[in-house]
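Chemist: Following this line is final-v9.txt, made up of compact mmCIF, C-alpha atoms:
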```
# COMPACT_ATOMS: atom_id res chain seq x y z
CA MET A 245 27.52 -44.31 6.69
CA THR A 246 30.36 -46.19 8.33
CA ALA A 247 31.75 -49.57 7.42
CA PRO A 248 31.63 -52.28 10.07
CA ALA A 249 34.93 -52.90 11.81
CA PRO A 250 36.89 -55.63 10.04
CA SER A 251 37.40 -58.85 11.96
CA SER A 252 41.00 -59.77 12.75
CA VAL A 253 40.05 -63.44 12.45
CA LEU A 254 38.79 -62.93 8.92
CA ARG A 255 41.86 -60.96 7.91
CA SER A 256 44.53 -63.41 9.05
CA GLY A 257 45.67 -66.89 8.11
CA PRO A 258 45.61 -68.75 4.79
CA PRO A 259 42.43 -68.84 2.69
CA ASP A 260 39.97 -71.61 3.51
CA PRO A 261 39.16 -73.54 0.29
CA GLU A 262 35.91 -74.78 1.85
CA ARG A 263 34.69 -71.30 2.67
CA PRO A 264 32.44 -69.47 0.19
CA ALA A 265 34.31 -66.97 -1.98
CA VAL A 266 31.59 -64.38 -1.29
CA GLU A 267 29.66 -64.19 2.00
CA VAL A 268 26.98 -61.60 2.63
CA ARG A 269 25.18 -61.59 5.99
CA GLY A 270 22.36 -59.21 6.90
CA LEU A 271 23.57 -56.59 4.43
CA ARG A 272 21.90 -53.19 4.65
CA ARG A 273 22.58 -50.09 2.59
CA ARG A 274 20.92 -46.77 3.23
CA TYR A 275 21.21 -43.64 1.11
CA ARG A 276 21.10 -40.56 3.31
CA GLY A 277 18.49 -37.84 2.85
CA ALA A 278 19.13 -34.11 2.76
CA GLY A 279 20.44 -32.51 5.92
CA ARG A 280 22.57 -33.78 8.76
CA ARG A 281 19.78 -34.23 11.28
CA SER A 282 17.01 -35.14 8.87
CA ARG A 283 14.09 -37.19 10.16
CA GLY A 284 11.22 -39.18 8.70
CA ALA A 285 11.04 -39.42 4.92
CA ASP A 286 14.08 -37.13 4.59
CA ALA A 287 16.23 -39.48 6.71
CA GLY A 288 17.11 -41.46 3.60
CA TYR A 289 16.15 -44.54 1.68
CA GLU A 290 17.11 -48.10 2.60
CA ALA A 291 17.82 -49.79 -0.73
CA VAL A 292 19.12 -53.06 0.74
CA ARG A 293 17.30 -54.57 3.74
CA GLY A 294 19.07 -57.53 5.28
CA VAL A 295 20.36 -59.47 2.26
CA ASP A 296 22.07 -62.85 2.81
CA LEU A 297 24.04 -64.38 -0.08
CA GLU A 298 26.76 -66.97 -0.62
CA VAL A 299 28.78 -67.68 -3.75
CA HIS A 300 31.04 -70.72 -3.61
CA ARG A 301 34.35 -70.99 -5.42
CA GLY A 302 33.93 -71.75 -9.10
CA GLU A 303 30.19 -71.05 -8.92
CA LEU A 304 28.01 -68.49 -10.67
CA LEU A 305 25.23 -66.81 -8.70
CA ALA A 306 22.76 -64.80 -10.78
CA LEU A 307 21.16 -61.88 -8.96
CA LEU A 308 17.79 -60.99 -10.46
CA GLY A 309 15.19 -58.39 -9.59
CA THR A 310 12.97 -55.64 -10.91
CA ASN A 311 14.32 -52.13 -11.43
CA GLY A 312 15.02 -50.67 -8.00
CA ALA A 313 15.13 -54.08 -6.29
CA GLY A 314 18.60 -53.37 -4.88
CA LYS A 315 20.81 -55.43 -7.22
CA THR A 316 23.34 -52.74 -8.07
CA SER A 317 23.28 -51.31 -4.53
CA THR A 318 24.14 -54.77 -3.21
CA LEU A 319 26.79 -55.37 -5.84
CA GLU A 320 28.55 -52.05 -5.17
CA VAL A 321 29.03 -52.98 -1.51
CA VAL A 322 30.29 -56.47 -2.35
CA GLU A 323 32.69 -54.98 -4.92
CA GLY A 324 34.09 -52.58 -2.33
CA LEU A 325 32.82 -49.47 -4.13
CA ALA A 326 30.64 -48.42 -1.17
CA PRO A 327 30.48 -49.24 2.55
CA ALA A 328 27.67 -51.23 4.11
CA SER A 329 25.24 -49.48 6.43
CA GLY A 330 24.83 -52.73 8.37
CA GLY A 331 25.64 -56.42 8.26
CA SER A 332 28.87 -57.93 6.99
CA VAL A 333 30.45 -58.78 3.64
CA ARG A 334 33.50 -60.93 2.99
CA VAL A 335 35.09 -61.62 -0.39
CA LEU A 336 37.89 -64.19 -0.35
CA GLY A 337 37.84 -63.78 3.44
CA LEU A 338 38.43 -60.02 3.26
CA ASP A 339 36.23 -57.00 3.94
CA PRO A 340 35.89 -55.45 0.45
CA TRP A 341 35.70 -51.91 1.89
CA ALA A 342 38.26 -52.01 4.72
CA ASP A 343 40.63 -54.36 2.89
CA ARG A 344 40.10 -53.09 -0.63
CA ALA A 345 43.80 -52.50 -1.34
CA ARG A 346 44.50 -56.20 -0.65
CA LEU A 347 41.39 -57.45 -2.43
CA ARG A 348 41.36 -55.38 -5.63
CA PRO A 349 44.19 -57.31 -7.36
CA ARG A 350 42.18 -60.53 -6.92
CA ILE A 351 38.82 -59.40 -8.34
CA GLY A 352 37.46 -58.13 -11.63
CA ILE A 353 34.58 -55.68 -11.93
CA MET A 354 32.43 -54.99 -14.98
CA LEU A 355 30.18 -52.03 -14.24
CA GLN A 356 27.01 -51.16 -16.15
CA GLU A 357 28.93 -48.31 -17.79
CA GLY A 358 32.73 -48.15 -18.02
CA GLY A 359 32.93 -44.43 -18.79
CA PHE A 360 36.22 -44.65 -20.66
CA PRO A 361 37.56 -41.60 -22.58
CA GLY A 362 36.12 -41.72 -26.08
CA ALA A 363 39.19 -40.23 -27.77
CA LEU A 364 41.46 -43.11 -26.71
CA THR A 365 41.73 -46.13 -28.93
CA VAL A 366 40.75 -49.55 -27.66
CA ALA A 367 44.42 -50.58 -27.48
CA GLU A 368 45.43 -47.39 -25.67
CA MET A 369 42.74 -47.85 -23.04
CA ALA A 370 43.63 -51.50 -22.60
CA THR A 371 47.34 -50.64 -22.29
CA LEU A 372 46.63 -48.04 -19.59
CA TRP A 373 44.55 -50.58 -17.70
CA HIS A 374 47.24 -53.22 -18.14
CA ARG A 375 49.79 -51.00 -16.37
CA THR A 376 47.65 -50.82 -13.22
CA LEU A 377 47.53 -54.60 -12.68
CA ASP A 378 49.89 -56.99 -10.91
CA ARG A 379 49.81 -60.09 -13.12
CA PRO A 380 47.75 -59.17 -16.14
CA ARG A 381 46.94 -61.00 -19.31
CA SER A 382 48.44 -59.29 -22.33
CA VAL A 383 46.40 -56.65 -24.12
CA ALA A 384 46.15 -58.90 -27.17
CA GLU A 385 44.92 -61.86 -25.12
CA ALA A 386 42.30 -59.84 -23.26
CA LEU A 387 40.92 -58.26 -26.44
CA GLY A 388 41.01 -61.62 -28.21
CA MET A 389 38.94 -63.24 -25.45
CA VAL A 390 36.03 -60.90 -26.26
CA VAL A 391 36.67 -60.85 -30.05
CA LEU A 392 37.60 -57.17 -30.05
CA ASP A 393 41.19 -57.45 -31.28
CA HIS A 394 40.18 -56.31 -34.79
CA ARG A 395 39.06 -52.99 -33.26
CA ALA A 396 42.27 -52.34 -31.32
CA GLY A 397 43.11 -49.21 -33.33
CA SER A 398 39.58 -47.75 -33.23
CA PRO A 399 38.63 -44.83 -30.96
CA ILE A 400 36.32 -45.89 -28.15
CA GLU A 401 33.80 -43.27 -29.26
CA SER A 402 33.40 -45.14 -32.57
CA LEU A 403 32.43 -48.42 -30.90
CA SER A 404 28.86 -49.67 -30.85
CA GLY A 405 27.14 -50.17 -27.51
CA GLY A 406 27.77 -53.90 -27.68
CA GLU A 407 31.45 -53.40 -28.50
CA ARG A 408 31.83 -51.10 -25.51
CA ARG A 409 30.37 -53.79 -23.29
CA ARG A 410 32.91 -56.25 -24.69
CA LEU A 411 35.71 -53.78 -23.90
CA ASP A 412 34.37 -53.46 -20.34
CA LEU A 413 34.51 -57.24 -20.05
CA ALA A 414 38.02 -57.47 -21.52
CA LEU A 415 39.36 -55.06 -18.89
CA ALA A 416 37.54 -56.88 -16.09
CA LEU A 417 39.23 -60.12 -17.19
CA MET A 418 42.68 -58.70 -17.79
CA GLY A 419 43.83 -59.11 -14.17
CA ARG A 420 43.01 -62.86 -14.06
CA PRO A 421 40.42 -62.37 -11.29
CA GLU A 422 39.58 -65.05 -8.75
CA VAL A 423 36.16 -63.43 -8.31
CA LEU A 424 34.43 -61.66 -11.19
CA PHE A 425 31.52 -59.24 -10.80
CA LEU A 426 29.38 -58.77 -13.91
CA ASP A 427 26.69 -56.08 -13.80
CA GLU A 428 24.38 -56.50 -16.82
CA PRO A 429 27.26 -57.81 -18.98
CA THR A 430 25.35 -58.53 -22.22
CA THR A 431 23.16 -55.43 -22.44
CA GLY A 432 23.35 -54.13 -26.01
CA LEU A 433 24.90 -57.30 -27.44
CA ASP A 434 23.41 -59.03 -30.47
CA PRO A 435 22.32 -62.67 -29.97
CA GLN A 436 25.52 -64.09 -31.45
CA SER A 437 27.77 -61.92 -29.26
CA ARG A 438 25.63 -62.70 -26.22
CA ARG A 439 26.07 -66.44 -26.71
CA ALA A 440 29.80 -65.99 -27.30
CA THR A 441 29.98 -64.14 -23.97
CA TRP A 442 28.10 -67.01 -22.30
CA ASP A 443 30.67 -69.46 -23.69
CA LEU A 444 33.47 -67.27 -22.33
CA VAL A 445 31.85 -67.14 -18.89
CA ARG A 446 31.46 -70.94 -18.90
CA SER A 447 35.17 -71.31 -19.67
CA LEU A 448 35.99 -69.04 -16.72
CA LEU A 449 33.81 -71.16 -14.45
CA ASP A 450 35.58 -74.28 -15.69
CA ALA A 451 38.83 -72.60 -14.60
CA GLU A 452 37.35 -72.11 -11.06
CA THR A 453 36.63 -68.38 -11.38
CA THR A 454 33.79 -67.33 -9.07
CA VAL A 455 31.15 -65.11 -10.70
CA LEU A 456 28.43 -62.87 -9.28
CA LEU A 457 26.17 -61.76 -12.13
CA THR A 458 23.26 -59.35 -12.35
CA THR A 459 21.07 -59.53 -15.42
CA HIS A 460 17.62 -58.68 -16.74
CA TYR A 461 17.81 -61.56 -19.23
CA LEU A 462 16.14 -64.55 -17.58
CA GLU A 463 17.49 -66.84 -20.30
CA GLU A 464 21.00 -65.73 -19.32
CA ALA A 465 20.41 -66.81 -15.73
CA GLU A 466 18.91 -70.11 -16.89
CA GLU A 467 21.91 -70.80 -19.13
CA LEU A 468 24.73 -69.83 -16.76
CA ALA A 469 23.69 -69.85 -13.11
CA ASP A 470 24.47 -72.58 -10.62
CA ARG A 471 22.13 -70.74 -8.25
CA ILE A 472 19.76 -67.79 -8.54
CA ALA A 473 18.58 -65.17 -6.05
CA ILE A 474 15.64 -62.88 -6.85
CA LEU A 475 15.61 -59.56 -5.01
CA HIS A 476 12.46 -57.55 -4.36
CA GLU A 477 12.43 -54.16 -2.65
CA GLY A 478 15.87 -54.68 -1.11
CA ALA A 479 15.41 -58.23 0.20
CA VAL A 480 15.94 -61.77 -1.12
CA ALA A 481 12.45 -62.97 -2.05
CA THR A 482 13.48 -66.46 -3.21
CA SER A 483 16.71 -68.29 -4.01
CA GLY A 484 18.12 -71.67 -4.94
CA THR A 485 18.98 -73.63 -8.05
CA LEU A 486 16.86 -73.14 -11.16
CA HIS A 487 15.14 -76.44 -10.37
CA ASP A 488 14.46 -75.31 -6.78
CA ILE A 489 12.86 -72.05 -7.87
CA VAL A 490 10.84 -73.52 -10.73
CA SER A 491 9.57 -76.41 -8.58
CA ARG A 492 7.93 -73.88 -6.26
CA GLN A 493 5.74 -72.76 -9.16
CA PRO A 494 2.54 -74.62 -10.09
CA THR A 495 1.92 -76.31 -13.41
CA ARG A 496 -0.81 -74.45 -15.29
CA ILE A 497 -3.36 -76.50 -17.25
CA SER A 498 -5.98 -75.06 -19.57
CA PHE A 499 -8.34 -76.22 -22.30
CA ALA A 500 -11.28 -74.91 -24.31
CA VAL A 501 -14.82 -75.86 -23.26
CA GLN A 502 -18.18 -75.73 -25.01
CA ASP A 503 -20.34 -75.15 -21.92
CA PRO A 504 -18.85 -73.67 -18.70
CA ALA A 505 -21.57 -75.51 -16.74
CA ASP A 506 -19.80 -78.79 -17.57
CA LEU A 507 -16.99 -77.73 -15.27
CA ASP A 508 -19.15 -78.27 -12.18
CA GLY A 509 -18.53 -81.99 -12.53
CA LEU A 510 -14.77 -81.43 -12.89
CA ARG A 511 -14.71 -79.33 -9.74
CA ALA A 512 -16.37 -82.17 -7.89
CA VAL A 513 -13.77 -84.65 -9.17
CA LEU A 514 -10.68 -82.54 -8.49
CA GLY A 515 -11.85 -80.83 -5.33
CA ALA A 516 -9.82 -77.83 -6.48
CA ALA A 517 -10.54 -74.43 -7.93
CA VAL A 518 -11.19 -74.55 -11.66
CA THR A 519 -11.73 -71.15 -13.23
CA CYS A 520 -13.20 -70.28 -16.60
CA ASP A 521 -12.71 -67.19 -18.72
CA GLN A 522 -13.37 -66.04 -22.25
CA GLN A 523 -10.50 -66.10 -24.71
CA GLY A 524 -11.20 -65.10 -28.27
CA GLY A 525 -14.91 -65.47 -27.61
CA ARG A 526 -14.58 -69.10 -26.45
CA PRO A 527 -14.71 -70.25 -22.79
CA ARG A 528 -11.45 -71.65 -21.46
CA ALA A 529 -10.98 -73.68 -18.27
CA ARG A 530 -7.88 -73.06 -16.17
CA LEU A 531 -6.37 -74.70 -13.11
CA GLU A 532 -3.05 -74.83 -11.28
CA THR A 533 -1.47 -77.81 -9.55
CA PHE A 534 1.72 -79.04 -7.93
CA ASP A 535 0.78 -82.63 -8.86
CA PRO A 536 0.22 -82.58 -12.63
CA PRO A 537 0.20 -86.38 -13.17
CA ALA A 538 -2.64 -86.88 -10.67
CA VAL A 539 -4.63 -83.91 -11.95
CA LEU A 540 -4.22 -84.91 -15.60
CA THR A 541 -5.32 -88.45 -14.77
CA ALA A 542 -8.43 -87.10 -13.05
CA LEU A 543 -9.04 -84.69 -15.91
CA LEU A 544 -8.92 -87.44 -18.54
CA GLY A 545 -11.19 -89.61 -16.43
CA TRP A 546 -13.71 -86.80 -16.15
CA ALA A 547 -13.54 -86.19 -19.90
CA ASP A 548 -14.39 -89.92 -20.48
CA GLY A 549 -13.92 -89.80 -24.22
CA ARG A 550 -14.95 -86.17 -24.67
CA ASP A 551 -12.60 -83.86 -26.49
CA LEU A 552 -10.33 -81.55 -24.53
CA PRO A 553 -9.67 -79.08 -27.34
CA ASP A 554 -6.45 -77.09 -27.20
CA LEU A 555 -5.27 -78.78 -24.01
CA THR A 556 -2.19 -76.89 -22.75
CA VAL A 557 0.11 -77.96 -19.91
CA LEU A 558 2.70 -75.36 -18.88
CA PRO A 559 5.24 -76.32 -16.19
CA GLY A 560 6.54 -73.64 -13.85
CA THR A 561 9.19 -71.32 -15.29
CA LEU A 562 11.73 -68.82 -14.00
CA GLU A 563 9.72 -66.07 -15.67
CA GLN A 564 6.64 -67.15 -13.75
CA ALA A 565 8.61 -67.11 -10.48
CA PHE A 566 10.05 -63.68 -11.30
CA LEU A 567 6.63 -62.21 -12.09
CA ASP A 568 5.12 -63.69 -8.94
CA VAL A 569 7.85 -62.03 -6.88
CA ALA A 570 7.38 -58.72 -8.69
CA ARG A 571 3.63 -58.74 -7.94
CA THR A 572 4.07 -59.56 -4.26
CA PRO A 573 4.28 -56.75 -1.65
CA ALA A 574 7.65 -56.83 0.08
CA SER A 575 7.77 -58.54 3.48
CA ALA A 576 10.47 -59.18 6.03
CA PRO A 577 13.77 -60.31 4.43
CA THR A 578 14.03 -64.05 3.87
CA PRO A 579 17.33 -65.90 4.39
CA ALA A 580 18.82 -67.19 1.16
CA GLY A 581 17.46 -70.58 0.22
CA ALA A 582 14.71 -70.52 2.85
CA ARG A 583 11.90 -70.51 0.30
```
Take the structure I supplied and represent it as structure tokens, if you would.
Modeler:
Amino acid sequence: MTAPAPSSVLRSGPPDPERPAVEVRGLRRRYRGAGRRSRGADAGYEAVRGVDLEVHRGELLALLGTNGAGKTSTLEVVEGLAPASGGSVRVLGLDPWADRARLRPRIGIMLQEGGFPGALTVAEMATLWHRTLDRPRSVAEALGMVVLDHRAGSPIESLSGGERRRLDLALALMGRPEVLFLDEPTTGLDPQSRRATWDLVRSLLDAETTVLLTTHYLEEAEELADRIAILHEGAVATSGTLHDIVSRQPTRISFAVQDPADLDGLRAVLGAAVTCDQQGGRPRARLETFDPPAVLTALLGWADGRDLPDLTVLPGTLEQAFLDVARTPASAPTPAGAR
């Protein structure tokens, strides 16, 4: 794999405040197979297939996807840890692979696993990290931000999984990054620590830090993200604000019925598919709509005083959108925000 040649235009001049902090265009990443001249299935695996992303300054983009969707493979290229096989990536106007020496002091990276030596204490590890940075926060400040200062004298090997994640975050924040990459930052954290981390991330956003986040916690994306992109088999399947994504999902309406034959009249009124299944031994009518007020009005008119037992109206959710993407066979990559 070879990195695309850096553009002299992108590498010169003052930063453009109107330009996105992170720009990804047609990104591809292929893992080579065995052998120099391998062909067919052995030629390698394309984990990222034409991904387009933008993250604006002071914004948080949450990158979601099933296991193997290409989240970490994408993030590693954007972080400058691996070259792209195709397309282009710019972070703060720089190529993160070709210009990594210039870019590294301006970014913070929290990997899924820090891999720090277990025999060192928290303070010793933080001090070593501190010495590699240009304008770092103090060790005490960084540990205090993640509420780990009381464990400063403890060996890393004695930390819980959640405490290790908080140490990873402290070191990622120590260099006062303009752009922060968070790969599954709250895995292993208890609910209280997770919400404290969310509050910390919000404070960073308020201070105009740009954040690219991957997470398996949909609630985390709902709470923090300005925009969301869902990857599926190496491509962006859908993206936009939470409202954008949820509004593309139908509202689901269901209610119990005594006699499924009664639904023939409802089908005539709505002119839409109304299904019926058995749930707990009792028939249940189900329908989906993008116009719930009109459908509910028609439904109540059809009922005409009859009971609609256990009537349930469920608006679209991020989980519903995620599951729909996960069930859909991958197609050609879709530009971010196109659907």
Chemist: State, in Å with one decimal place, the distance from CA of Leu307 (chain A) to CA of Glu407 (chain A).
Modeler: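 Those two atoms sit 23.7 Å apart.
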Chemist: Can you work out which one of A:Ala370, A:Val321, A:Leu475, A:Leu552 has the shortest atom-to-atom distance to Pro340 (chain A), counting all atoms listed in the file?
Modeler: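 Closest to Pro340 (chain A), using all atoms listed in the file: A:Val321.
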Chemist: If you count all atoms listed in the file, which residues fall within 12 Å of Ile497 (chain A), apart from same-chain ones fewer than 6 positions away, as a PyMOL selection string?
Modeler: chain A and resi 517-520+528-537+539-540+543+552+554-560
Chemist: Please tell me which residues are no farther than 9 Å from (47.8, -60.6, -13.3) in the file, counting all atoms listed in the file, and write them as a short mmCIF file (atom, residue, chain, number, x, y, z; two decimals) with C-alpha atoms, keeping the file's coordinate frame.
Modeler:
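Dumped everything to part-v5.cif:
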```cif
data_model
loop_
_atom_site.label_atom_id
_atom_site.label_comp_id
_atom_site.auth_asym_id
_atom_site.auth_seq_id
_atom_site.Cartn_x
_atom_site.Cartn_y
_atom_site.Cartn_z
CA PRO A 349 44.19 -57.31 -7.36
CA ARG A 350 42.18 -60.53 -6.92
CA HIS A 374 47.24 -53.22 -18.14
CA LEU A 377 47.53 -54.60 -12.68
CA ASP A 378 49.89 -56.99 -10.91
CA ARG A 379 49.81 -60.09 -13.12
CA PRO A 380 47.75 -59.17 -16.14
CA ARG A 381 46.94 -61.00 -19.31
CA MET A 418 42.68 -58.70 -17.79
CA GLY A 419 43.83 -59.11 -14.17
CA ARG A 420 43.01 -62.86 -14.06
CA PRO A 421 40.42 -62.37 -11.29
#
```
Chemist: Would you mind listing what lies within 8 Å of region 457-466 of chain A as a list in words, with only C-alpha atoms counted and same-chain residues fewer than 5 positions away left out?
Modeler: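 Contacts, with the query itself left out: Leu304, Leu305, Ala306, Leu307, Leu308, Gly309, Lys315, Thr316, Phe425, Leu426, Asp427, Glu428, Pro429, Trp442, Ile472, Leu486, Leu562 and Glu563 of chain A.
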Chemist: Here is a test: counting all atoms listed in the file, which residue of A:Leu507, A:Ala416, A:Val569, A:Ala384 is nearest to Ile489 (chain A)?
Modeler: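 Of A:Leu507, A:Ala416, A:Val569, A:Ala384, the one nearest Ile489 (chain A), counting all atoms listed in the file, is A:Val569.
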Chemist: Report, in Å to a single decimal, how far apart CA of Asp551 (chain A) and CA of Gln502 (chain A) are.
Modeler: 10.0 Å
Chemist: Quick one: residues within 12 Å of Ala451 (chain A), all atoms listed in the file counted, chain neighbours fewer than 3 positions away excluded, as a PDB file with C-alpha atoms, in the frame of the given file?
Modeler:
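Writing done, so here's out.pdb:
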```pdb
ATOM      1  CA  ARG A 301      34.350 -70.990  -5.420  1.00  0.00           C
ATOM      2  CA  GLY A 302      33.930 -71.750  -9.100  1.00  0.00           C
ATOM      3  CA  GLU A 303      30.190 -71.050  -8.920  1.00  0.00           C
ATOM      4  CA  ARG A 420      43.010 -62.860 -14.060  1.00  0.00           C
ATOM      5  CA  PRO A 421      40.420 -62.370 -11.290  1.00  0.00           C
ATOM      6  CA  GLU A 422      39.580 -65.050  -8.750  1.00  0.00           C
ATOM      7  CA  VAL A 423      36.160 -63.430  -8.310  1.00  0.00           C
ATOM      8  CA  LEU A 444      33.470 -67.270 -22.330  1.00  0.00           C
ATOM      9  CA  VAL A 445      31.850 -67.140 -18.890  1.00  0.00           C
ATOM     10  CA  ARG A 446      31.460 -70.940 -18.900  1.00  0.00           C
ATOM     11  CA  SER A 447      35.170 -71.310 -19.670  1.00  0.00           C
ATOM     12  CA  LEU A 448      35.990 -69.040 -16.720  1.00  0.00           C
ATOM     13  CA  THR A 454      33.790 -67.330  -9.070  1.00  0.00           C
ATOM     14  CA  VAL A 455      31.150 -65.110 -10.700  1.00  0.00           C
TER      15      VAL A 455
END
```
Chemist: Which is closest to Gly270 (chain A) among A:Val292, A:Val391, A:Ala386, A:Leu544, if we use all atoms listed in the file?
Modeler: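 Looking only at the distances to Gly270 (chain A), the closest residue turns out to be A:Val292.
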Chemist: Would you compute the distance between CA of Arg334 (chain A) and CA of Asp296 (chain A)? Give it in Å to one decimal.
Modeler: 11.6 Å
Chemist: Considering all atoms listed in the file, state which residue in the set A:Val501, A:Asp488, A:Thr572, A:Arg395 is at the smallest distance from Glu368 (chain A).
Modeler: A:Arg395
Chemist: Check the smallest atom-to-atom distance from each of A:Leu387, A:Ala469, A:Leu411, A:Ala481 to Gln356 (chain A) using all atoms listed in the file, then report the winner.
Modeler: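 Once distances to Gln356 (chain A) are computed over all atoms listed in the file, the minimum belongs to A:Leu411.
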Chemist: Tell me which of A:Gly406, A:Leu413, A:Met389, A:Val383 sits closest to Leu433 (chain A), counting all atoms listed in the file.
Modeler: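 Of A:Gly406, A:Leu413, A:Met389, A:Val383, the one nearest Leu433 (chain A), counting all atoms listed in the file, is A:Gly406.
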Chemist: Residues at most 12 Å from Asp434 (chain A), counting all atoms listed in the file, excluding those fewer than 2 positions away in the same chain, as number ranges by chain?
Modeler: A: 404-407, 409-410, 430-432, 436-441
